[in-house]
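Report on the following structure.
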There are 2 protein chains.
Amino acid sequence: MNVKACAEYLKKNDNFLIVSHKNPDGDTMGSCAALCSALRRIGKNAFLYPNAQVIKKLVPYVEKFYAPNEFVPAVGVAVDVATDKMFAQGFDGKVQLCIDHHPTNSRYAKKLLLKPKKASCGEIILELIKALCGELTKEEADLLYIAVSTDTGCFMYANTSAATLKAAAKLYEYGASAAMLNQIFFRKKSAARLKLEGMIFSGMNFYRDGKICVVKITKDMLMKAGATNDDLDDIAGLAGMAEKSLVNVTIRELDDGSSKVSLRSGKEVNSSEICAVFGGGGHNMAAGCTISCLPDKAENMILDVINEVWK
Amino acid sequence: MNVKACAEYLKKNDNFLIVSHKNPDGDTMGSCAALCSALRRIGKNAFLYPNAQVIKKLVPYVEKFYAPNEFVPAVGVAVDVATDKMFAQGFDGKVQLCIDHHPTNSRYAKKLLLKPKKASCGEIILELIKALCGELTKEEADLLYIAVSTDTGCFMYANTSAATLKAAAKLYEYGASAAMLNQIFFRKKSAARLKLEGMIFSGMNFYRDGKICVVKITKDMLMKAGATNDDLDDIAGLAGMAEKSLVNVTIRELDDGSSKVSLRSGKEVNSSEICAVFGGGGHNMAAGCTISCLPDKAENMILDVINEVWK
């Protein structure tokens with residue numbers, strides 16, 4: 001399905017429930033809310049499925065679109081949801097249309113608008129709203145700016161392309177308050193997050209001449225920093241900031257005293273292979289596992305395996 | 001002077017020495033080097049005045065363009081240099097042409113290509129190279145990507161505009177290795193810098209319900225972190241990352257035991273007015289001064305003045 005056909009389908013139908021993915025990020029929520037706003041502008045009934053896991057910063061932008069209990073949808077639309085196992089917690093409705101950018105989309109919906117080269121789903125929704133309404137409102141531009149910028153780390157990640165930057169330029173032209181949104185989503189951090197990062201940066205362990213960086217986050221550190229789940233966004237990315245580090249290990253102590261390990265690597269080692277030793281899995285360059293011991297011991301165990309496979 | 005007239009002037013002349021500003025950043029160095037490369041491509045003799053203060057990360061991109069001792073220039077070109085007091089350390093030649101984006105440019109050069117709405121000088125050089133050569137080389141695209149991205153904090157700062165993003169999109173299309181450059185200039189940090197940030201984030205002081213954030217950097221902290229000048233880039237920006245902070249104070253202990261204060265504020269207080277009390281100055285939203293005492297005492301003195309003017 002292309003953008004034009006998707007717009008025609010939306011114009012022909014009504015009473016839409018728009019569904020985001022679980023562990024929602026700015027792309028799924030911003031894209032869902034912008035599409036919802038545009039559908040309402042062409043006279044449709046449209047609501048978001050309320051996603052209970054949305055981080056605090058995003059709530060004010062999306063909750064006004066949430067469906068009331070009594071809403072009976074006719075058409076389910078999934079946005080940025082790669083498989084039917086990834087629907088927002090508690091969603092058990094049907095989805096007729098899926099709009100997505102994940103190359104791994106499992107094609108669970110009858111109608112699919114898939115653009116796997118796009119860095120964010122927000123870029124697809126931008127084209128779709130132009131097809132539906134001609135122009136974007138300032139609110140839609142803000143929502144899609146949140147989508148595009150958060151999925152690309154404010155245009156810093158390797159998924160950013162010339163097309164991404166051109167889409168962002170259009171959102172500026174439609175009035176997106178980009179400077180303010182950048183402050184909220186990238187620049188400003190809670191005092192608790194800053195304290196936690198302080199402890200993390202002070203306590204980084206380096207091995208193999210700095211090529212391995214290990215970050216440990218204990219319950220004690222979280223308590224001392226006063227950090228909650230809202231303060232842990234993208235925390236597994238911090239180990240990768242160390243200049244020489246090629247293999248990045250983040251170990252987080254869980255409530256039951258076990259250790260959740262996130263491993264990220266270049267081509268030097270296969271992250272998924274290493275995590276499989278402990279019953280975990282993932283991709284070659286990003287994988288995870290849980291080990292039933294405290295972080296210090298988990299660090300030694302994971303280092304042993306890394307040193308074994310990486311000669 | 002517009003871009004076309006500037007290109008004509010460059011085509012008519014030869015033997016260029018291109019001068020950057022002191023305390024050089026990515027914009028002045030990337031813009032100078034890209035212009036130098038383009039001038040060589042149209043058959044000119046062109047070199048950069050060697051800037052001794054360039055940070056380590058930038059050196060490999062620019063030093064190949066540095067003028068040898070025996071080079072006798074005919075035309076001096078200043079790029080991104082707002083006043084003739086801002087020339088790179090040791091430069092005592094003449095400048096016929098200035099290419100700049102600072103609204104405060106003091107018009108010290110006979111010929112001036114000034115575009116004060118541009119976020120970076122790199123965007124002006126992009127247009128100029130297109131006028132000179134038609135296309136950009138991959139190397140020039142890399143150099144200008146460094147210029148544009150570093151002057152906008154990777155498109156995060158408020159100076160970023162739709163035009164900035166469109167210029168960056170063009171640089172992607174000319175082959176800039178943006179993902180790699182983002183790693184080097186934004187994502188990766190030296191182990192010393194990470195240790196120092198760890199100490200800074202752990203030791204931030206908050207006043208007035210978090211609206212004032214004070215960061216102190218002592219000689220002892222620098223020593224413990226193993227940090228050198230190369231690790232202090234944009235360090236005065238860290239205080240501003242605290243979520244609620246409106247007035248941001250960074251105090252750095254100097255070799256002689258005095259304290260260098262950087263103050264950044266919104267409209268709540270006038271930074272320049274506060275620093276003037278201690279013989280310093282600057283702008284309403286960013287100013288500085290030096291106080292002849294250790295950081296702890298300087299903190300109290302500056303807080304007293306802030307509390308006096310900000311009721």
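Letters for chains follow the order of the structure tokens (A, B, ...), residue numbers begin at 1 for each chain, and ligand numbers begin at 1 in the order shown.
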
Based on only C-alpha atoms, which of the residues in chain B come within 6 Å of chain A? I want them as an mmCIF file with N, CA, C and O atoms, in the first residue's frame.
```cif
data_model
loop_
_atom_site.group_PDB
_atom_site.id
_atom_site.type_symbol
_atom_site.label_atom_id
_atom_site.label_comp_id
_atom_site.auth_asym_id
_atom_site.auth_seq_id
_atom_site.Cartn_x
_atom_site.Cartn_y
_atom_site.Cartn_z
ATOM 1 N N MET B 156 20.533 20.697 17.856
ATOM 2 C CA MET B 156 19.759 20.728 19.096
ATOM 3 C C MET B 156 19.561 22.151 19.602
ATOM 4 O O MET B 156 18.580 22.431 20.268
ATOM 5 N N ALA B 158 18.953 26.346 19.772
ATOM 6 C CA ALA B 158 17.862 27.194 19.273
ATOM 7 C C ALA B 158 18.236 27.932 17.991
ATOM 8 O O ALA B 158 17.354 28.475 17.314
ATOM 9 N N ALA B 162 15.071 25.716 9.613
ATOM 10 C CA ALA B 162 14.777 24.848 8.468
ATOM 11 C C ALA B 162 15.933 24.912 7.467
ATOM 12 O O ALA B 162 16.331 23.885 6.899
ATOM 13 N N LEU B 165 18.833 22.647 8.476
ATOM 14 C CA LEU B 165 18.567 21.226 8.225
ATOM 15 C C LEU B 165 18.638 20.903 6.730
ATOM 16 O O LEU B 165 19.115 19.845 6.334
ATOM 17 N N LYS B 166 18.183 21.847 5.900
ATOM 18 C CA LYS B 166 18.274 21.627 4.451
ATOM 19 C C LYS B 166 19.734 21.614 4.003
ATOM 20 O O LYS B 166 20.119 20.818 3.132
ATOM 21 N N ALA B 169 21.135 18.330 4.956
ATOM 22 C CA ALA B 169 20.644 17.287 4.038
ATOM 23 C C ALA B 169 21.481 17.276 2.762
ATOM 24 O O ALA B 169 21.852 16.215 2.252
ATOM 25 N N TYR B 172 24.763 15.529 3.432
ATOM 26 C CA TYR B 172 24.552 14.078 3.357
ATOM 27 C C TYR B 172 24.599 13.637 1.891
ATOM 28 O O TYR B 172 25.222 12.654 1.542
ATOM 29 N N ALA B 179 27.351 9.932 10.203
ATOM 30 C CA ALA B 179 27.219 9.023 11.346
ATOM 31 C C ALA B 179 28.556 8.915 12.082
ATOM 32 O O ALA B 179 28.606 8.969 13.314
ATOM 33 N N ASN B 182 29.359 12.259 13.834
ATOM 34 C CA ASN B 182 28.535 12.421 15.039
ATOM 35 C C ASN B 182 29.115 11.643 16.203
ATOM 36 O O ASN B 182 29.097 12.101 17.344
ATOM 37 N N ARG B 187 29.029 11.932 20.317
ATOM 38 C CA ARG B 187 28.649 10.772 21.088
ATOM 39 C C ARG B 187 29.787 10.290 21.989
ATOM 40 O O ARG B 187 29.586 10.041 23.167
ATOM 41 N N LYS B 188 30.985 10.173 21.413
ATOM 42 C CA LYS B 188 32.093 9.593 22.160
ATOM 43 C C LYS B 188 32.783 10.635 23.033
ATOM 44 O O LYS B 188 33.004 11.764 22.606
ATOM 45 N N LYS B 189 33.137 10.238 24.259
ATOM 46 C CA LYS B 189 33.861 11.128 25.153
ATOM 47 C C LYS B 189 35.060 10.387 25.723
ATOM 48 O O LYS B 189 34.987 9.167 25.929
ATOM 49 N N SER B 190 36.143 11.130 25.997
ATOM 50 C CA SER B 190 37.331 10.503 26.571
ATOM 51 C C SER B 190 36.995 9.984 27.962
ATOM 52 O O SER B 190 36.087 10.489 28.635
ATOM 53 N N ALA B 191 37.739 8.962 28.411
ATOM 54 C CA ALA B 191 37.532 8.421 29.748
ATOM 55 C C ALA B 191 37.693 9.539 30.787
ATOM 56 O O ALA B 191 36.958 9.606 31.775
ATOM 57 N N LEU B 194 34.538 11.683 30.830
ATOM 58 C CA LEU B 194 33.434 10.980 31.493
ATOM 59 C C LEU B 194 33.623 11.003 33.008
ATOM 60 O O LEU B 194 32.676 11.240 33.756
ATOM 61 N N LYS B 195 34.875 10.779 33.461
ATOM 62 C CA LYS B 195 35.147 10.826 34.907
ATOM 63 C C LYS B 195 34.838 12.211 35.455
ATOM 64 O O LYS B 195 34.238 12.364 36.513
ATOM 65 N N GLY B 198 31.224 12.800 35.629
ATOM 66 C CA GLY B 198 30.734 12.043 36.779
ATOM 67 C C GLY B 198 30.853 12.868 38.049
ATOM 68 O O GLY B 198 29.900 12.992 38.823
ATOM 69 N N PHE B 201 28.396 15.999 37.826
ATOM 70 C CA PHE B 201 26.978 15.675 38.041
ATOM 71 C C PHE B 201 26.731 15.263 39.494
ATOM 72 O O PHE B 201 25.689 15.567 40.057
ATOM 73 N N SER B 202 27.697 14.551 40.089
ATOM 74 C CA SER B 202 27.523 14.134 41.482
ATOM 75 C C SER B 202 27.578 15.329 42.420
ATOM 76 O O SER B 202 26.968 15.319 43.483
ATOM 77 N N MET B 241 21.919 21.608 32.008
ATOM 78 C CA MET B 241 21.188 20.368 31.739
ATOM 79 C C MET B 241 20.199 20.029 32.849
ATOM 80 O O MET B 241 19.317 19.209 32.663
ATOM 81 N N ALA B 242 20.360 20.642 34.014
ATOM 82 C CA ALA B 242 19.451 20.338 35.130
ATOM 83 C C ALA B 242 18.051 20.858 34.816
ATOM 84 O O ALA B 242 17.869 22.013 34.440
ATOM 85 N N GLU B 243 17.080 19.964 34.970
ATOM 86 C CA GLU B 243 15.715 20.160 34.483
ATOM 87 C C GLU B 243 15.105 21.509 34.856
ATOM 88 O O GLU B 243 14.581 22.214 34.007
#
```

- request: Run DSSP on the backbone and give me the residues of range 110-205 of chain B it puts in strand (DSSP E or B), as a PyMOL selection string.
  value: chain B and resi 111-114+189+205

Give me a file of those residues, with C-alpha atoms, as a PDB file, in the first residue's frame.
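Saved result, part24.pdb, follows:
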```pdb
ATOM      1  CA  LYS B 111      34.931  43.131   1.506  1.00  0.00           C
ATOM      2  CA  LEU B 112      32.308  41.429   3.679  1.00  0.00           C
ATOM      3  CA  LEU B 113      30.009  38.494   2.983  1.00  0.00           C
ATOM      4  CA  LEU B 114      27.762  38.538   6.073  1.00  0.00           C
ATOM      5  CA  LYS B 189      33.861  11.128  25.153  1.00  0.00           C
ATOM      6  CA  ASN B 205      24.580  22.305  43.940  1.00  0.00           C
TER       7      ASN B 205
END
```

Residue contacts of Ala147 in chain A (6 Å, only C-alpha atoms) excluding same-chain residues fewer than 5 positions away, as a PyMOL selection string: chain A and resi 26-27+30+122

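Picture a line from CA of Val277 in chain A to CA of Lys211 in chain A; it runs 21.3 Å.
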
task: Could you give me the residues within range 138-196 of chain A that DSSP places in helix (DSSP H, G or I), as a count of residues only?
output: 42

- request: To one decimal in Å, tell me the separation between CA of Ser31 in chain B and CA of Val54 in chain B.
  value: 13.6 Å

field: Residue neighbourhood Phe71 in chain B, 9 Å, only C-alpha atoms, exclusion window fewer than 2 positions, as a VMD selection string
entry: chain B and resid 15 17 47 67 to 69 73

N, CA, C and O atoms of the current selection, written as a PDB file, in the first residue's frame:
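And here is the file that came out, again01.pdb:
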```pdb
ATOM      1  N   ASN B  15      46.667  33.233  -4.227  1.00  0.00           N
ATOM      2  CA  ASN B  15      47.538  33.195  -3.050  1.00  0.00           C
ATOM      3  C   ASN B  15      46.806  33.657  -1.778  1.00  0.00           C
ATOM      4  O   ASN B  15      47.098  34.700  -1.209  1.00  0.00           O
ATOM      5  N   LEU B  17      45.493  33.335   2.122  1.00  0.00           N
ATOM      6  CA  LEU B  17      45.721  32.816   3.475  1.00  0.00           C
ATOM      7  C   LEU B  17      44.391  32.951   4.226  1.00  0.00           C
ATOM      8  O   LEU B  17      43.860  34.064   4.372  1.00  0.00           O
ATOM      9  N   PHE B  47      46.000  28.400   1.555  1.00  0.00           N
ATOM     10  CA  PHE B  47      46.420  27.728   2.786  1.00  0.00           C
ATOM     11  C   PHE B  47      45.656  28.296   3.974  1.00  0.00           C
ATOM     12  O   PHE B  47      45.148  29.411   3.923  1.00  0.00           O
ATOM     13  N   ALA B  67      49.484  26.486   6.158  1.00  0.00           N
ATOM     14  CA  ALA B  67      50.490  27.159   5.326  1.00  0.00           C
ATOM     15  C   ALA B  67      51.893  26.821   5.804  1.00  0.00           C
ATOM     16  O   ALA B  67      52.156  26.814   7.009  1.00  0.00           O
ATOM     17  N   PRO B  68      52.830  26.536   4.872  1.00  0.00           N
ATOM     18  CA  PRO B  68      54.236  26.402   5.260  1.00  0.00           C
ATOM     19  C   PRO B  68      54.806  27.784   5.564  1.00  0.00           C
ATOM     20  O   PRO B  68      54.241  28.802   5.144  1.00  0.00           O
ATOM     21  N   ASN B  69      55.928  27.805   6.307  1.00  0.00           N
ATOM     22  CA  ASN B  69      56.528  29.083   6.724  1.00  0.00           C
ATOM     23  C   ASN B  69      56.814  30.018   5.558  1.00  0.00           C
ATOM     24  O   ASN B  69      56.677  31.228   5.676  1.00  0.00           O
ATOM     25  N   PRO B  73      51.342  35.229   1.308  1.00  0.00           N
ATOM     26  CA  PRO B  73      49.973  35.416   0.830  1.00  0.00           C
ATOM     27  C   PRO B  73      49.778  36.766   0.158  1.00  0.00           C
ATOM     28  O   PRO B  73      50.476  37.735   0.452  1.00  0.00           O
TER      29      PRO B  73
END
```

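For Ala33 in chain A, the list of residues within 9 Å, based on only C-alpha atoms and with local chain neighbours fewer than 3 positions off taken out, reads Ile18, Thr28, Met29, Gly30, Cys36, Ser37, Ala38, Phe47, Leu48, Tyr61, Val62, Glu63, Phe65, Tyr66, Glu140, Leu143 and Leu144 of chain A.
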
Any chance you can output those residues with N, CA and C atoms as a short mmCIF file (atom, residue, chain, number, x, y, z; two decimals), in the first residue's frame?
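So the final result, stored in result.cif, reads:
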```cif
data_model
loop_
_atom_site.label_atom_id
_atom_site.label_comp_id
_atom_site.auth_asym_id
_atom_site.auth_seq_id
_atom_site.Cartn_x
_atom_site.Cartn_y
_atom_site.Cartn_z
N ILE A 18 -6.37 4.09 17.28
CA ILE A 18 -4.97 4.06 16.83
C ILE A 18 -4.11 3.48 17.95
N THR A 28 6.41 6.26 18.22
CA THR A 28 5.09 5.64 18.15
C THR A 28 4.01 6.59 18.70
N MET A 29 4.29 7.27 19.80
CA MET A 29 3.27 8.13 20.42
C MET A 29 3.03 9.40 19.60
N GLY A 30 4.12 10.06 19.15
CA GLY A 30 3.97 11.27 18.35
C GLY A 30 3.27 10.99 17.03
N CYS A 36 -4.06 10.95 14.55
CA CYS A 36 -5.36 11.12 15.19
C CYS A 36 -5.89 12.54 14.95
N SER A 37 -5.01 13.53 15.18
CA SER A 37 -5.39 14.94 14.98
C SER A 37 -5.83 15.18 13.53
N ALA A 38 -5.08 14.64 12.58
CA ALA A 38 -5.39 14.86 11.16
C ALA A 38 -6.71 14.20 10.78
N PHE A 47 -9.42 8.10 17.99
CA PHE A 47 -8.84 8.13 19.33
C PHE A 47 -7.60 7.26 19.39
N LEU A 48 -6.76 7.53 20.41
CA LEU A 48 -5.62 6.64 20.67
C LEU A 48 -6.02 5.61 21.71
N TYR A 61 1.46 15.53 25.74
CA TYR A 61 1.27 15.66 24.30
C TYR A 61 0.25 14.67 23.74
N VAL A 62 0.00 13.57 24.47
CA VAL A 62 -0.80 12.50 23.87
C VAL A 62 -2.10 12.19 24.61
N GLU A 63 -2.17 12.48 25.93
CA GLU A 63 -3.33 11.95 26.69
C GLU A 63 -4.64 12.56 26.25
N PHE A 65 -5.74 12.76 23.43
CA PHE A 65 -6.30 11.99 22.32
C PHE A 65 -6.81 10.61 22.76
N TYR A 66 -6.63 10.27 24.03
CA TYR A 66 -6.96 8.91 24.50
C TYR A 66 -8.46 8.62 24.38
N GLU A 140 0.39 19.20 15.10
CA GLU A 140 0.85 18.00 14.40
C GLU A 140 2.34 18.08 14.09
N LEU A 143 4.14 17.20 17.27
CA LEU A 143 4.05 15.76 17.54
C LEU A 143 4.99 14.98 16.62
N LEU A 144 5.04 15.35 15.35
CA LEU A 144 5.93 14.63 14.42
C LEU A 144 7.38 15.00 14.64
#
```

query: Can you tell me, as JSON, numbers by chain, what residues are no more than 12 Å from Ala88 in chain A when counting only C-alpha atoms, ignoring any on the same chain fewer than 4 positions away?
result: {"A": [18, 19, 20, 21, 22, 23, 24, 25, 28, 29, 48, 49, 50, 51, 52, 53, 54, 78, 79, 80, 81, 82, 83, 84, 92, 93]}
